[in-house]
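K.L.:
query30.txt is reproduced below (compact mmCIF, C-alpha atoms).
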```txt
# COMPACT_ATOMS: atom_id res chain seq x y z
CA MET L 1 65.40 200.87 221.81
CA ARG L 2 68.78 201.49 223.49
CA VAL L 3 69.82 199.07 226.24
CA VAL L 4 72.80 198.97 228.60
CA SER L 5 73.47 195.64 230.31
CA LEU L 6 75.41 195.42 233.56
CA VAL L 7 75.16 191.62 233.74
CA PRO L 8 77.11 189.25 231.45
CA SER L 9 74.33 186.65 231.45
CA LEU L 10 71.73 189.21 230.47
CA THR L 11 74.05 190.74 227.87
CA GLU L 12 74.20 187.38 226.14
CA ALA L 13 70.43 186.94 226.41
CA VAL L 14 69.72 190.31 224.80
CA ALA L 15 72.45 190.00 222.17
CA VAL L 16 71.28 186.58 220.99
CA SER L 17 67.69 187.87 220.83
CA ALA L 18 68.27 191.34 219.31
CA ARG L 19 71.93 192.38 219.28
CA GLY L 20 71.16 195.82 217.87
CA LEU L 21 69.52 196.91 221.12
CA LEU L 22 72.75 196.91 223.11
CA VAL L 23 74.62 200.21 223.29
CA GLY L 24 76.67 199.48 226.43
CA VAL L 25 78.00 196.38 228.19
CA THR L 26 80.50 195.61 230.95
CA ASP L 27 84.12 194.61 230.56
CA TRP L 28 83.09 191.11 231.72
CA CYS L 29 80.53 190.60 228.95
CA THR L 30 82.29 187.99 226.82
CA HIS L 31 79.37 186.27 225.05
CA PRO L 32 78.42 186.21 222.32
CA ALA L 33 81.65 186.96 220.49
CA GLY L 34 81.98 190.14 218.49
CA LEU L 35 80.05 192.53 220.72
CA THR L 36 80.56 196.07 219.47
CA ALA L 37 78.64 197.94 222.18
CA ALA L 38 80.57 200.47 224.27
CA ARG L 39 82.37 199.10 227.32
CA ILE L 40 81.26 200.92 230.45
CA GLY L 41 83.41 199.38 233.21
CA GLY L 42 82.88 196.37 235.43
CA THR L 43 79.81 194.93 237.08
CA LYS L 44 80.92 196.31 240.45
CA ASN L 45 82.37 199.61 239.16
CA PRO L 46 80.35 200.82 236.16
CA ASP L 47 81.05 204.27 234.78
CA VAL L 48 77.77 206.03 235.59
CA ALA L 49 78.65 209.11 233.53
CA ALA L 50 79.51 207.00 230.48
CA ILE L 51 76.28 205.04 230.80
CA THR L 52 74.25 208.22 231.09
CA ALA L 53 75.97 209.69 228.04
CA LEU L 54 74.83 206.70 225.97
CA GLY L 55 71.22 207.76 226.55
CA PRO L 56 69.80 204.28 227.18
CA ASP L 57 66.07 203.67 227.38
CA LEU L 58 66.74 200.81 229.79
CA VAL L 59 69.58 199.62 232.03
CA ILE L 60 69.36 195.97 233.06
CA ALA L 61 71.02 194.87 236.28
CA ASN L 62 70.99 192.17 238.95
CA GLU L 63 70.73 192.50 242.70
CA GLU L 64 73.73 190.22 243.26
CA GLU L 65 76.00 191.26 240.39
CA ASN L 66 75.60 195.03 240.81
CA ARG L 67 75.92 197.40 243.76
CA ALA L 68 72.92 199.33 245.02
CA PRO L 69 74.77 202.71 245.13
CA ASP L 70 75.59 202.44 241.43
CA LEU L 71 72.00 201.60 240.55
CA ASP L 72 70.76 204.47 242.71
CA ALA L 73 73.13 206.84 240.88
CA LEU L 74 71.77 205.68 237.52
CA ARG L 75 68.20 206.26 238.69
CA ALA L 76 69.18 209.68 240.03
CA ALA L 77 70.46 210.47 236.51
CA GLY L 78 66.94 209.80 235.24
CA LEU L 79 67.55 206.33 233.79
CA ASP L 80 65.12 203.41 233.88
CA VAL L 81 66.83 200.54 235.73
CA LEU L 82 65.39 197.02 235.69
CA VAL L 83 66.87 194.95 238.52
CA THR L 84 66.58 191.19 238.33
CA GLU L 85 66.78 188.58 241.10
CA VAL L 86 67.93 185.12 240.01
CA ARG L 87 68.52 182.64 242.81
CA THR L 88 66.75 179.61 241.35
CA LEU L 89 66.38 178.02 237.94
CA ASP L 90 62.68 178.85 237.86
CA GLN L 91 63.48 182.48 238.68
CA ALA L 92 65.94 182.57 235.79
CA PHE L 93 63.22 181.78 233.27
CA THR L 94 60.78 184.24 234.85
CA GLU L 95 63.33 187.05 234.91
CA LEU L 96 64.59 186.38 231.38
CA HIS L 97 61.03 186.74 230.11
CA ARG L 98 60.65 189.96 232.12
CA VAL L 99 63.87 191.44 230.72
CA LEU L 100 63.36 190.46 227.09
CA VAL L 101 59.60 190.72 226.67
CA ASP L 102 58.47 193.22 229.29
CA GLY L 103 61.65 195.29 229.47
CA CYS L 104 62.99 195.25 225.91
CA GLY L 105 59.64 194.83 224.15
CA LEU L 106 60.75 191.75 222.20
CA ALA L 107 58.74 188.74 221.18
CA ARG L 108 59.59 185.81 223.41
CA PRO L 109 62.70 184.28 221.78
CA ARG L 110 62.74 180.71 220.60
CA TRP L 111 65.92 179.91 222.51
CA LEU L 112 64.13 180.62 225.78
CA ASP L 113 61.43 178.07 224.96
CA GLU L 114 64.12 175.57 223.96
CA ALA L 115 65.96 176.13 227.25
CA GLU L 116 62.75 175.56 229.22
CA ALA L 117 62.12 172.38 227.25
CA ALA L 118 65.64 171.17 228.03
CA ARG L 119 65.04 171.88 231.72
CA ALA L 120 61.74 170.00 231.63
CA ALA L 121 63.42 167.01 230.00
CA LEU L 122 65.89 166.56 232.85
CA PRO L 123 65.23 163.39 234.84
CA ALA L 124 63.89 163.86 238.34
CA PRO L 125 66.71 163.97 240.92
CA SER L 126 67.34 160.68 242.67
CA GLY L 127 66.37 160.13 246.26
CA SER L 128 70.04 160.15 247.29
CA PRO L 129 71.74 163.09 245.55
CA ARG L 130 75.52 163.12 245.54
CA PRO L 131 76.90 165.47 248.20
CA ALA L 132 79.34 168.02 246.80
CA ALA L 133 81.20 171.18 247.72
CA VAL L 134 81.49 173.92 245.12
CA PRO L 135 84.43 176.30 245.53
CA VAL L 136 84.17 179.52 243.53
CA TRP L 137 87.40 181.09 244.81
CA ARG L 138 90.63 180.23 246.57
CA ARG L 139 92.96 182.38 248.69
CA PRO L 140 90.70 182.33 250.64
CA TRP L 141 88.62 179.29 249.80
CA THR L 142 85.05 180.42 249.16
CA VAL L 143 82.15 178.13 248.28
CA LEU L 144 78.55 178.23 247.18
CA GLY L 145 76.32 178.54 250.23
CA ARG L 146 72.59 179.04 250.54
CA ASP L 147 70.15 180.48 248.07
CA THR L 148 72.16 180.56 244.81
CA PHE L 149 71.20 179.93 241.20
CA ALA L 150 74.13 177.54 240.70
CA GLY L 151 73.19 175.60 243.82
CA ASP L 152 69.61 175.21 242.64
CA LEU L 153 70.78 174.11 239.20
CA LEU L 154 73.02 171.48 240.78
CA THR L 155 70.08 170.20 242.82
CA ARG L 156 68.11 169.72 239.59
CA LEU L 157 71.08 167.72 238.28
CA GLY L 158 71.19 165.35 241.25
CA VAL L 159 73.96 167.04 243.23
CA ARG L 160 73.45 168.26 246.81
CA ASN L 161 75.51 171.25 247.90
CA VAL L 162 76.76 170.39 251.39
CA TYR L 163 76.80 174.11 252.25
CA ALA L 164 73.27 174.82 251.01
CA ASP L 165 72.08 175.50 254.58
CA HIS L 166 74.98 177.77 255.52
CA PRO L 167 73.79 181.18 256.80
CA GLU L 168 75.97 182.92 254.20
CA ARG L 169 75.50 182.74 250.44
CA TYR L 170 79.23 182.58 249.72
CA PRO L 171 80.97 181.45 252.91
CA ARG L 172 84.72 181.32 253.35
CA VAL L 173 85.63 177.81 254.48
CA PRO L 174 89.09 176.60 255.57
CA LEU L 175 90.53 173.94 253.30
CA ALA L 176 90.70 171.35 256.08
CA GLU L 177 87.01 171.84 256.75
CA LEU L 178 86.20 171.51 253.05
CA ASN L 179 88.01 168.19 252.92
CA ALA L 180 86.10 166.99 255.99
CA SER L 181 82.70 168.36 254.93
CA GLY L 182 81.20 165.04 253.89
CA ALA L 183 81.34 165.94 250.23
CA GLU L 184 81.85 163.04 247.84
CA LEU L 185 82.63 165.37 244.93
CA ILE L 186 84.34 168.73 244.46
CA VAL L 187 82.84 170.82 241.67
CA LEU L 188 85.35 173.32 240.27
CA PRO L 189 84.05 175.88 237.75
CA ASP L 190 86.42 177.96 235.65
CA GLU L 191 84.83 181.22 236.79
CA PRO L 192 84.86 183.46 238.71
CA TYR L 193 88.10 181.75 239.78
CA ARG L 194 89.73 179.91 236.89
CA PHE L 195 90.10 176.46 238.39
CA GLY L 196 91.84 173.99 236.10
CA ALA L 197 93.46 170.58 236.06
CA ASP L 198 96.61 171.99 237.71
CA ASP L 199 94.91 174.51 239.97
CA GLY L 200 92.31 173.15 242.36
CA PRO L 201 92.04 169.35 242.31
CA GLU L 202 95.37 168.92 244.11
CA ALA L 203 93.84 170.51 247.22
CA PHE L 204 91.39 167.60 247.54
CA PRO L 205 93.56 164.48 247.20
CA ALA L 206 90.90 162.08 248.53
CA LEU L 207 87.99 163.40 246.48
CA PRO L 208 87.11 163.28 242.79
CA ALA L 209 86.97 166.72 241.17
CA ALA L 210 84.61 167.74 238.37
CA LEU L 211 86.02 170.59 236.29
CA VAL L 212 83.06 172.37 234.72
CA ASP L 213 82.43 175.34 232.46
CA GLY L 214 81.57 178.18 234.83
CA ARG L 215 79.32 179.80 232.27
CA LEU L 216 77.15 176.68 232.14
CA LEU L 217 76.94 176.55 235.92
CA THR L 218 76.41 180.20 236.80
CA TRP L 219 75.04 182.04 233.75
CA TYR L 220 71.32 182.26 233.04
CA GLY L 221 70.54 182.83 229.39
CA PRO L 222 71.11 180.98 226.11
CA SER L 223 73.62 178.73 227.91
CA LEU L 224 70.79 177.12 229.90
CA ALA L 225 69.92 174.62 227.17
CA GLU L 226 73.57 173.62 226.79
CA ALA L 227 73.93 173.32 230.57
CA ALA L 228 71.08 170.82 230.71
CA ARG L 229 72.82 168.72 228.05
CA VAL L 230 76.46 168.99 229.16
CA LEU L 231 76.58 169.29 232.95
CA PRO L 232 75.00 165.92 233.87
CA SER L 233 77.86 163.96 232.30
CA ALA L 234 80.48 166.39 233.63
CA LEU L 235 79.24 165.83 237.20
CA ARG L 236 79.41 162.03 237.15
```
Here is the file; what I need is its structure written in the form of structure tokens.
P.N.:
Amino acid sequence: MRVVSLVPSLTEAVAVSARGLLVGVTDWCTHPAGLTAARIGGTKNPDVAAITALGPDLVIANEEENRAPDLDALRAAGLDVLVTEVRTLDQAFTELHRVLVDGCGLARPRWLDEAEAARAALPAPSGSPRPAAVPVWRRPWTVLGRDTFAGDLLTRLGVRNVYADHPERYPRVPLAELNASGAELIVLPDEPYRFGADDGPEAFPALPAALVDGRLLTWYGPSLAEAARVLPSALR
């Protein structure tokens, strides 16, 4: 089978399960190392002609990562496009099974069972989760809002996103408002914006900042088991 992945998380999931299936991946597909599949552009600007020329049996995409016009163009070219929706941790496991087993025709991989076991082993969230704000960009400051995979994962880890009820999924919030939001913690992932020790924490002088691996917070795939092990201590 020939597969093109337009989603870095799903690229990693397929590659770890059966690397030989991948014939095309995006420029943002960085895991696992050593991918030799053709690069077909970005998640938001894939080269439809290049993808079509690869003759894939399946293109895997995501309703948030990829634009509907690009997916429509791929379908119009006669390609089979599987579009995932991942806004919760439970959805991640359901959609990974759908991509790998139903879409790619693979046996359910062991790593997926191990990731589910790691999720199940997490302690139940406390009755008073720690309120936090989660910037994902600056200039302008943009945070996790409602209905996001990362927000749901944080909830499972005992952290309450103070913008979880915002009408937008990724609202732009002025810095002064962020500092007055009631958050007791600022969670700063290193992607999509590369927050670091010298770029981010200084904007929140009265709040502790947790610098976390963005892949563990926002990717759904083989990193899920590691996220369950690593993120709890990083968020203390």
K.L.:
Which residue is closest to L:Leu22? Choose from L:Leu74, L:Ala68, L:Gly221, L:Cys104 and count all atoms listed in the file.
P.N.:
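Answer, going by the shortest atom-to-atom distance: L:Cys104.
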K.L.:
Any idea what the distance is between atom CA of L:Arg215 and atom CA of L:Ala13?
P.N.:
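For atom CA of L:Arg215 relative to atom CA of L:Ala13, the distance reads 12.8 Å.
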K.L.:
Name the closest residue to L:Asn45 among the candidates L:Leu216, L:Leu71, L:Val4, L:Leu10; distances are taken between atoms, counting all atoms listed in the file.
P.N.:
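Selected residue with least distance to L:Asn45: L:Leu71.
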K.L.:
If we count all atoms listed in the file, what is near L:Arg229 at a cut-off of 10 Å, once residues fewer than 6 positions away on the same chain are taken out, given as an mmCIF file with C-alpha atoms, in the coordinates of the input?
P.N.:
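selection.cif was written with the following content:
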```
data_model
loop_
_atom_site.group_PDB
_atom_site.id
_atom_site.type_symbol
_atom_site.label_atom_id
_atom_site.label_comp_id
_atom_site.auth_asym_id
_atom_site.auth_seq_id
_atom_site.Cartn_x
_atom_site.Cartn_y
_atom_site.Cartn_z
ATOM 1 C CA ALA L 118 65.640 171.170 228.030
ATOM 2 C CA ARG L 119 65.040 171.880 231.720
ATOM 3 C CA ALA L 121 63.420 167.010 230.000
ATOM 4 C CA LEU L 122 65.890 166.560 232.850
ATOM 5 C CA LEU L 216 77.150 176.680 232.140
#
```
K.L.:
Report, in Å with one decimal, the straight-line distance from atom CA of L:Leu58 to atom CA of L:Val14.
P.N.:
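Going from atom CA of L:Leu58 over to atom CA of L:Val14, I get 12.0 Å.
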K.L.:
Using all atoms listed in the file, which residue out of L:Glu177, L:Pro109, L:Leu79, L:Val25 lies closest to L:Arg39?
P.N.:
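Of L:Glu177, L:Pro109, L:Leu79, L:Val25, the one nearest L:Arg39 is L:Val25, counting all atoms listed in the file.
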K.L.:
As a compact mmCIF listing (two decimals), in the coordinates of the input, could you write out stretch 222-233 of chain L once it has been completed with all heavy atoms?
P.N.:
```txt
# COMPACT_ATOMS: atom_id res chain seq x y z
N PRO L 222 71.06 182.00 227.15
CA PRO L 222 71.11 180.98 226.11
C PRO L 222 71.93 179.74 226.50
O PRO L 222 71.74 178.68 225.92
CB PRO L 222 71.76 181.72 224.93
CG PRO L 222 71.38 183.14 225.14
CD PRO L 222 71.43 183.33 226.64
N SER L 223 72.82 179.89 227.48
CA SER L 223 73.62 178.73 227.91
C SER L 223 72.80 177.71 228.69
O SER L 223 73.26 176.58 228.91
CB SER L 223 74.78 179.20 228.79
OG SER L 223 74.30 179.87 229.94
N LEU L 224 71.58 178.03 229.08
CA LEU L 224 70.79 177.12 229.90
C LEU L 224 70.50 175.80 229.19
O LEU L 224 70.54 174.73 229.81
CB LEU L 224 69.47 177.79 230.31
CG LEU L 224 69.58 178.87 231.39
CD1 LEU L 224 68.26 179.63 231.51
CD2 LEU L 224 69.95 178.24 232.73
N ALA L 225 70.20 175.86 227.90
CA ALA L 225 69.92 174.62 227.17
C ALA L 225 71.17 173.75 227.10
O ALA L 225 71.10 172.53 227.29
CB ALA L 225 69.41 174.94 225.76
N GLU L 226 72.32 174.37 226.85
CA GLU L 226 73.57 173.62 226.79
C GLU L 226 73.91 173.04 228.16
O GLU L 226 74.40 171.90 228.27
CB GLU L 226 74.70 174.51 226.30
CG GLU L 226 76.02 173.79 226.10
CD GLU L 226 77.14 174.71 225.64
OE1 GLU L 226 76.87 175.90 225.39
OE2 GLU L 226 78.28 174.23 225.53
N ALA L 227 73.65 173.80 229.22
CA ALA L 227 73.93 173.32 230.57
C ALA L 227 73.17 172.05 230.87
O ALA L 227 73.70 171.10 231.45
CB ALA L 227 73.59 174.40 231.59
N ALA L 228 71.90 172.00 230.45
CA ALA L 228 71.08 170.82 230.71
C ALA L 228 71.62 169.60 229.96
O ALA L 228 71.47 168.46 230.42
CB ALA L 228 69.64 171.09 230.29
N ARG L 229 72.27 169.84 228.83
CA ARG L 229 72.82 168.72 228.05
C ARG L 229 74.20 168.29 228.54
O ARG L 229 74.51 167.10 228.57
CB ARG L 229 72.93 169.11 226.57
CG ARG L 229 71.61 169.33 225.86
CD ARG L 229 71.82 169.42 224.36
NE ARG L 229 72.78 170.46 223.98
CZ ARG L 229 72.45 171.71 223.69
NH1 ARG L 229 71.18 172.07 223.74
NH2 ARG L 229 73.37 172.59 223.35
N VAL L 230 75.04 169.25 228.93
CA VAL L 230 76.46 168.99 229.16
C VAL L 230 76.78 168.68 230.63
O VAL L 230 77.58 167.78 230.92
CB VAL L 230 77.29 170.18 228.68
CG1 VAL L 230 78.76 170.03 229.06
CG2 VAL L 230 77.14 170.35 227.17
N LEU L 231 76.18 169.41 231.56
CA LEU L 231 76.58 169.29 232.95
C LEU L 231 76.32 167.91 233.55
O LEU L 231 77.14 167.43 234.36
CB LEU L 231 75.91 170.37 233.79
CG LEU L 231 76.48 171.79 233.64
CD1 LEU L 231 75.71 172.76 234.51
CD2 LEU L 231 77.97 171.82 233.98
N PRO L 232 75.21 167.23 233.23
CA PRO L 232 75.00 165.92 233.87
C PRO L 232 76.18 164.96 233.71
O PRO L 232 76.60 164.30 234.67
CB PRO L 232 73.73 165.40 233.18
CG PRO L 232 72.98 166.63 232.84
CD PRO L 232 74.04 167.61 232.42
N SER L 233 76.74 164.87 232.51
CA SER L 233 77.86 163.96 232.30
C SER L 233 79.14 164.49 232.97
O SER L 233 79.96 163.72 233.47
CB SER L 233 78.10 163.73 230.81
OG SER L 233 78.38 164.96 230.15
```
